[in-house]
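Dumped data34.cif below, it's mmCIF, C-alpha atoms:
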```cif
data_model
loop_
_atom_site.label_atom_id
_atom_site.label_comp_id
_atom_site.auth_asym_id
_atom_site.auth_seq_id
_atom_site.Cartn_x
_atom_site.Cartn_y
_atom_site.Cartn_z
CA MET U 1 -20.95 64.96 -80.72
CA PRO U 2 -18.34 66.04 -78.17
CA LYS U 3 -14.90 66.71 -79.52
CA ARG U 4 -12.32 64.10 -78.50
CA ASP U 5 -8.92 65.27 -77.37
CA LEU U 6 -6.29 62.75 -78.39
CA SER U 7 -2.82 63.24 -77.02
CA LEU U 8 0.07 61.70 -78.88
CA ASN U 9 2.39 62.62 -76.02
CA GLY U 10 0.04 60.96 -73.53
CA ALA U 11 -0.02 57.77 -75.62
CA LEU U 12 3.77 57.73 -75.84
CA VAL U 13 4.19 58.31 -72.10
CA GLY U 14 1.60 55.60 -71.31
CA GLY U 15 3.27 53.12 -73.65
CA MET U 16 6.69 53.91 -72.21
CA ALA U 17 5.40 53.54 -68.63
CA GLY U 18 3.89 50.13 -69.47
CA TRP U 19 7.11 48.98 -71.09
CA VAL U 20 9.19 50.17 -68.11
CA ALA U 21 6.83 48.33 -65.72
CA GLU U 22 7.09 45.13 -67.81
CA VAL U 23 10.89 45.33 -67.90
CA ALA U 24 11.08 46.10 -64.15
CA ILE U 25 8.87 43.12 -63.23
CA GLN U 26 10.81 40.91 -65.63
CA GLU U 27 14.09 41.95 -64.00
CA VAL U 28 12.76 41.31 -60.49
CA THR U 29 10.80 38.10 -61.06
CA GLY U 30 12.51 36.70 -64.16
CA HIS U 31 9.16 36.32 -65.94
CA HIS U 32 7.49 38.07 -68.83
CA VAL U 33 4.20 39.36 -67.42
CA THR U 34 2.63 39.84 -70.85
CA THR U 35 3.62 36.30 -71.89
CA GLY U 36 2.05 34.91 -68.73
CA ILE U 37 -1.15 36.90 -69.28
CA LEU U 38 -1.30 35.75 -72.92
CA GLU U 39 -0.76 32.12 -71.80
CA LEU U 40 -3.64 32.44 -69.32
CA LEU U 41 -5.89 34.06 -71.94
CA GLY U 42 -5.01 31.30 -74.42
CA ALA U 43 -5.83 28.55 -71.92
CA ALA U 44 -9.11 30.27 -70.99
CA ALA U 45 -10.12 30.66 -74.65
CA GLY U 46 -9.15 27.04 -75.31
CA MET U 47 -11.30 25.78 -72.44
CA TRP U 48 -14.22 28.01 -73.47
CA ARG U 49 -14.26 26.46 -76.97
CA LEU U 50 -13.75 22.82 -75.99
CA ASP U 51 -16.81 21.48 -77.83
CA ARG U 52 -15.92 23.31 -81.01
CA ARG U 53 -12.32 22.13 -80.77
CA LEU U 54 -13.45 18.54 -80.23
CA ALA U 55 -15.65 18.81 -83.35
CA ARG U 56 -12.71 20.23 -85.30
CA SER U 57 -10.53 17.40 -84.05
CA LEU U 58 -13.08 14.89 -85.42
CA THR U 59 -13.17 16.68 -88.79
CA ASP U 60 -9.35 16.71 -88.91
CA THR U 61 -9.29 12.99 -88.14
CA LEU U 62 -11.76 12.32 -90.96
CA GLU U 63 -9.59 14.33 -93.36
CA ARG U 64 -6.55 12.31 -92.30
CA ALA U 65 -8.49 9.10 -92.99
CA GLN U 66 -9.13 10.41 -96.53
CA ASP U 67 -5.34 10.65 -96.80
CA GLY U 68 -5.57 13.67 -99.11
CA ARG U 69 -5.91 11.48 -102.20
CA GLY U 70 -9.49 12.35 -103.08
CA ARG U 71 -10.78 8.95 -101.93
CA ASP U 72 -14.51 8.58 -102.25
CA TYR U 73 -16.68 8.41 -99.14
CA GLN U 74 -17.44 4.68 -99.47
CA GLU U 75 -13.73 3.89 -99.41
CA VAL U 76 -13.18 6.23 -96.45
CA LYS U 77 -16.08 4.56 -94.63
CA ARG U 78 -14.55 1.11 -95.21
CA ARG U 79 -11.20 2.33 -93.94
CA ILE U 80 -12.69 3.89 -90.81
CA ASP U 81 -14.76 0.75 -90.12
CA GLU U 82 -11.61 -1.33 -90.38
CA LEU U 83 -9.58 0.87 -88.05
CA THR U 84 -12.25 1.54 -85.40
CA ARG U 85 -13.60 -1.96 -84.71
CA ASP U 86 -12.77 -1.57 -81.02
CA LEU U 87 -13.62 2.17 -80.81
CA PRO U 88 -17.45 2.14 -80.85
CA GLU U 89 -18.24 5.80 -80.05
CA LEU U 90 -15.78 7.16 -82.55
CA ARG U 91 -16.92 4.64 -85.17
CA GLU U 92 -20.53 5.80 -84.79
CA ILE U 93 -19.67 9.52 -84.91
CA LEU U 94 -17.35 9.26 -87.91
CA GLY U 95 -19.80 6.87 -89.60
CA ASN U 96 -22.53 9.48 -89.30
CA MET U 97 -20.24 12.17 -90.68
CA VAL U 98 -19.28 10.00 -93.66
CA ASP U 99 -22.96 9.08 -94.26
CA ALA U 100 -23.77 12.79 -94.33
CA GLY U 101 -21.00 13.25 -96.91
CA ILE U 102 -22.35 10.38 -99.02
CA SER U 103 -25.89 11.87 -98.90
CA ALA U 104 -24.52 15.27 -99.91
CA GLN U 105 -22.58 13.67 -102.78
CA GLN U 106 -25.68 11.84 -104.03
CA ALA U 107 -27.92 14.92 -103.77
CA MET N 1 12.94 41.85 -54.00
CA LEU N 2 15.10 38.86 -54.90
CA GLY N 3 13.08 36.75 -52.46
CA LEU N 4 9.86 37.86 -54.16
CA GLY N 5 11.27 36.85 -57.56
CA LEU N 6 12.25 33.42 -56.29
CA LEU N 7 8.83 32.99 -54.68
CA VAL N 8 7.03 33.85 -57.93
CA ARG N 9 9.28 31.50 -59.92
CA LEU N 10 8.76 28.67 -57.42
CA GLY N 11 4.99 29.21 -57.44
CA ARG N 12 4.88 29.10 -61.21
CA GLN N 13 7.03 25.97 -61.42
CA VAL N 14 4.86 24.21 -58.86
CA LEU N 15 1.66 25.18 -60.69
CA ALA N 16 2.94 24.41 -64.18
CA GLY N 17 4.56 21.07 -63.38
CA PRO N 18 3.67 19.11 -60.26
CA VAL N 19 0.16 20.54 -59.80
CA ALA N 20 -0.89 19.96 -63.44
CA ASP N 21 0.77 16.52 -63.42
CA ALA N 22 -0.93 15.62 -60.13
CA GLY N 23 -4.32 15.73 -61.83
CA VAL N 24 -5.90 18.11 -59.34
CA LEU N 25 -7.02 20.71 -61.92
CA PRO N 26 -10.49 20.62 -63.54
CA ALA N 27 -11.08 17.96 -66.24
CA GLY N 28 -11.82 20.73 -68.77
CA TYR N 29 -8.28 22.01 -68.38
CA TYR N 30 -6.86 18.56 -69.17
CA ARG N 31 -9.18 18.25 -72.20
CA HIS N 32 -7.76 21.54 -73.38
CA LEU N 33 -4.20 20.22 -72.89
CA VAL N 34 -4.95 16.94 -74.71
CA LEU N 35 -6.63 18.71 -77.64
CA ALA N 36 -3.75 21.19 -77.87
CA ALA N 37 -1.24 18.31 -77.85
CA LEU N 38 -3.21 16.43 -80.54
CA GLU N 39 -3.34 19.57 -82.68
CA GLU N 40 0.48 19.65 -82.53
CA GLU N 41 0.77 15.85 -82.98
CA ASP N 42 2.50 15.71 -79.60
CA PHE N 43 1.31 12.22 -78.66
CA SER N 44 3.43 11.85 -75.53
CA GLY N 45 2.02 15.17 -74.22
CA ALA N 46 -1.54 14.07 -75.01
CA LEU N 47 -0.95 10.72 -73.33
CA ARG N 48 0.42 12.39 -70.19
CA HIS N 49 -2.83 14.26 -69.55
CA LEU N 50 -5.34 11.83 -71.04
CA LYS N 51 -6.12 10.04 -67.80
CA TRP N 52 -7.48 13.23 -66.20
CA ALA N 53 -9.42 14.47 -69.22
CA GLY N 54 -12.33 12.14 -68.38
CA ASN N 55 -13.42 11.79 -72.00
CA PRO N 56 -13.00 8.38 -73.69
CA LEU N 57 -13.68 9.96 -77.09
CA LEU N 58 -10.37 11.84 -76.87
CA ALA N 59 -8.52 8.56 -76.29
CA GLN N 60 -10.35 6.99 -79.25
CA ILE N 61 -9.45 9.92 -81.52
CA MET N 62 -5.83 9.54 -80.46
CA VAL N 63 -5.85 5.79 -81.15
CA LEU N 64 -7.32 6.29 -84.63
CA ARG N 65 -4.79 9.00 -85.48
CA LEU N 66 -1.97 6.74 -84.36
CA ARG N 67 -3.31 3.90 -86.49
CA LEU N 68 -3.60 6.17 -89.54
CA LEU N 69 -0.04 7.35 -88.98
CA SER N 70 1.17 3.75 -88.56
CA ALA N 71 -0.56 2.77 -91.82
CA ARG N 72 1.27 5.58 -93.62
CA HIS N 73 4.61 4.47 -92.17
CA ARG N 74 3.92 0.86 -93.22
CA GLN N 75 3.26 2.05 -96.78
CA GLN N 76 6.54 3.96 -96.75
CA GLN N 77 8.31 0.88 -95.39
CA VAL N 78 6.99 -1.25 -98.26
CA ALA N 79 8.01 1.40 -100.80
CA VAL N 80 11.57 1.57 -99.39
CA GLN N 81 11.80 -2.24 -99.33
CA ASP N 82 10.83 -2.29 -103.03
CA LEU N 83 13.50 0.30 -103.79
CA LEU N 84 16.07 -1.68 -101.79
CA ALA N 85 15.27 -4.88 -103.67
CA SER N 86 15.87 -3.21 -107.04
CA GLU N 87 19.02 -1.30 -106.02
CA SER N 88 22.50 -2.58 -106.86
CA SER N 89 24.64 0.27 -105.50
CA PRO N 90 25.95 -0.58 -101.99
CA ALA N 91 25.88 3.10 -100.94
CA ARG N 92 22.22 3.42 -101.90
CA GLN N 93 21.43 0.10 -100.24
CA ALA N 94 22.96 1.39 -97.00
CA GLN N 95 20.80 4.54 -97.23
CA TYR N 96 17.66 2.46 -97.71
CA GLN N 97 18.61 0.22 -94.79
CA THR N 98 18.94 3.33 -92.60
CA LEU N 99 15.54 4.52 -93.77
CA LEU N 100 14.02 1.12 -92.99
CA ALA N 101 15.50 1.19 -89.49
CA GLU N 102 14.02 4.67 -88.94
CA GLU N 103 10.62 3.50 -90.14
CA ALA N 104 10.78 0.49 -87.82
CA ARG N 105 11.62 2.74 -84.87
CA ALA N 106 8.74 5.09 -85.73
CA LEU N 107 6.32 2.17 -85.93
CA GLU N 108 7.47 0.83 -82.58
CA LEU N 109 7.02 4.25 -80.97
CA LEU N 110 3.54 4.61 -82.44
CA ARG N 111 2.61 1.13 -81.17
CA ASP N 112 3.73 2.11 -77.66
CA TYR N 113 1.63 5.29 -77.77
CA GLU N 114 -1.35 3.31 -79.02
CA ALA N 115 -1.01 0.79 -76.20
CA GLY N 116 -0.88 3.70 -73.72
CA ALA N 117 -4.00 5.31 -75.18
CA MET N 118 -5.85 1.98 -75.30
CA ALA N 119 -5.12 1.47 -71.61
CA HIS N 120 -7.35 4.52 -70.92
CA LEU N 121 -10.21 2.83 -72.75
CA ALA N 122 -9.99 -0.33 -70.70
CA GLY N 123 -13.21 -1.03 -68.87
CA PRO N 124 -15.83 -3.71 -68.41
CA GLY N 125 -16.10 -5.62 -71.64
CA ARG N 126 -13.42 -3.55 -73.36
CA ALA N 127 -10.00 -5.02 -72.89
CA PRO N 128 -6.97 -3.04 -74.08
CA THR N 129 -5.41 -4.90 -76.97
CA GLY N 130 -2.64 -2.40 -77.70
CA ALA N 131 -2.58 -3.42 -81.34
CA GLY N 132 -4.46 -1.88 -84.19
CA PRO N 133 -5.98 -3.81 -87.10
#
```
Could I get this file's structure written as structure tokens?
Amino acid sequence: MPKRDLSLNGALVGGMAGWVAEVAIQEVTGHHVTTGILELLGAAAGMWRLDRRLARSLTDTLERAQDGRGRDYQEVKRRIDELTRDLPELREILGNMVDAGISAQQA
Amino acid sequence: MLGLGLLVRLGRQVLAGPVADAGVLPAGYYRHLVLAALEEEDFSGALRHLKWAGNPLLAQIMVLRLRLLSARHRQQQVAVQDLLASESSPARQAQYQTLLAEEARALELLRDYEAGAMAHLAGPGRAPTGAGP
């Protein structure tokens, strides 16, 4: 295995050069480059995981319907049915999720 | 160099505000914005981008969350009304009246958001009612 030469001075100089470049661009443009890049990366990651985030949003909604009081699934199902009479797609999806919970509870 | 700075700032402001609010970006980007707003319970932000998200399920999730929140506020309203009815101290009564006014304002705001979200669900055979059960 070849020996790796690590230079502490090189790392310090590189870090300092990056910081100076960031500060210079910030002074000229008035914007934090790193913040902008992080914002872009965040938006890209968010768009990449849309399906998973939508699923998590449904799970969160179901937890809110339980109201954190340890309600049983039948009661949660009644509550969701009552509140989603005019929201057919959501009613079906959440109904299936609650049914899965009821089956798991009975098993 | 100053001109370059102004140009970059102008470009960013145009992209972040008018371009995003003009609905010309991909629907996936608006779904991301709506989901992010819902995660932070920023209903006005979610409502602003909902029309370009192109996903009725997002609007339905928002409506249900608003109804759940309204139900919680109604429960709090009833609890404060009970406390007010059994309170004899004028100072405490004034505090409860203030709380009731705040609850009423919150409920009104939530109703407005719900009506806005329901408007995105309006289609053939699905009229926006604007009022939850």
If you count all atoms listed in the file, which residues fall within 6 Å of range 52-58 of chain N, apart from same-chain ones fewer than 5 positions away, as a VMD selection string? chain N and resid 23 27 30 to 31
When you look at range 101-112 of chain N with a cut-off of 9 Å (counting only C-alpha atoms), what residues show up, excluding the ones that are within fewer than 3 positions of it in the same chain? I need them as a PDB file with C-alpha atoms, keeping the file's coordinate frame.
```
ATOM      1  CA  PHE N  43       1.310  12.220 -78.660  1.00  0.00           C
ATOM      2  CA  LEU N  66      -1.970   6.740 -84.360  1.00  0.00           C
ATOM      3  CA  ARG N  67      -3.310   3.900 -86.490  1.00  0.00           C
ATOM      4  CA  LEU N  69      -0.040   7.350 -88.980  1.00  0.00           C
ATOM      5  CA  SER N  70       1.170   3.750 -88.560  1.00  0.00           C
ATOM      6  CA  HIS N  73       4.610   4.470 -92.170  1.00  0.00           C
ATOM      7  CA  ARG N  74       3.920   0.860 -93.220  1.00  0.00           C
ATOM      8  CA  GLN N  76       6.540   3.960 -96.750  1.00  0.00           C
ATOM      9  CA  GLN N  77       8.310   0.880 -95.390  1.00  0.00           C
ATOM     10  CA  TYR N  96      17.660   2.460 -97.710  1.00  0.00           C
ATOM     11  CA  GLN N  97      18.610   0.220 -94.790  1.00  0.00           C
ATOM     12  CA  THR N  98      18.940   3.330 -92.600  1.00  0.00           C
ATOM     13  CA  ALA N 115      -1.010   0.790 -76.200  1.00  0.00           C
ATOM     14  CA  GLY N 116      -0.880   3.700 -73.720  1.00  0.00           C
ATOM     15  CA  ALA N 117      -4.000   5.310 -75.180  1.00  0.00           C
ATOM     16  CA  GLY N 130      -2.640  -2.400 -77.700  1.00  0.00           C
ATOM     17  CA  ALA N 131      -2.580  -3.420 -81.340  1.00  0.00           C
ATOM     18  CA  GLY N 132      -4.460  -1.880 -84.190  1.00  0.00           C
TER      19      GLY N 132
END
```
Determine the residue membership of the PyMOL selection byres ((chain U and resi 77-82) around 7) for the file above and supply it as a VMD selection string. (chain U and resid 73 to 76 83 to 85 91 95 98) or (chain N and resid 133)
Within 12 Å of Leu38 in chain N, counting only C-alpha atoms, which residues show up once you throw out same-chain ones fewer than 2 positions away? Write them as a PyMOL selection string, please. (chain U and resi 53-54+56-58+60-61) or (chain N and resi 31-36+40-50+58-66)
Can you work out the spacing between CA of Ile102 in chain U and CA of Asp72 in chain U in Å, to one decimal? 8.7 Å
Coordinates-based distance that separates CA of Ala11 in chain U from CA of Val23 in chain U (Å, one decimal):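 A separation of 18.3 Å between them.
Shortest atom-to-atom contact with Leu62 in chain U among U:Met16, U:Glu22, U:Gln106, U:Ile93: U:Ile93, counting all atoms listed in the file.
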One decimal place gives the CA of Glu114 in chain N-CA of Leu68 in chain N separation as 11.1 Å
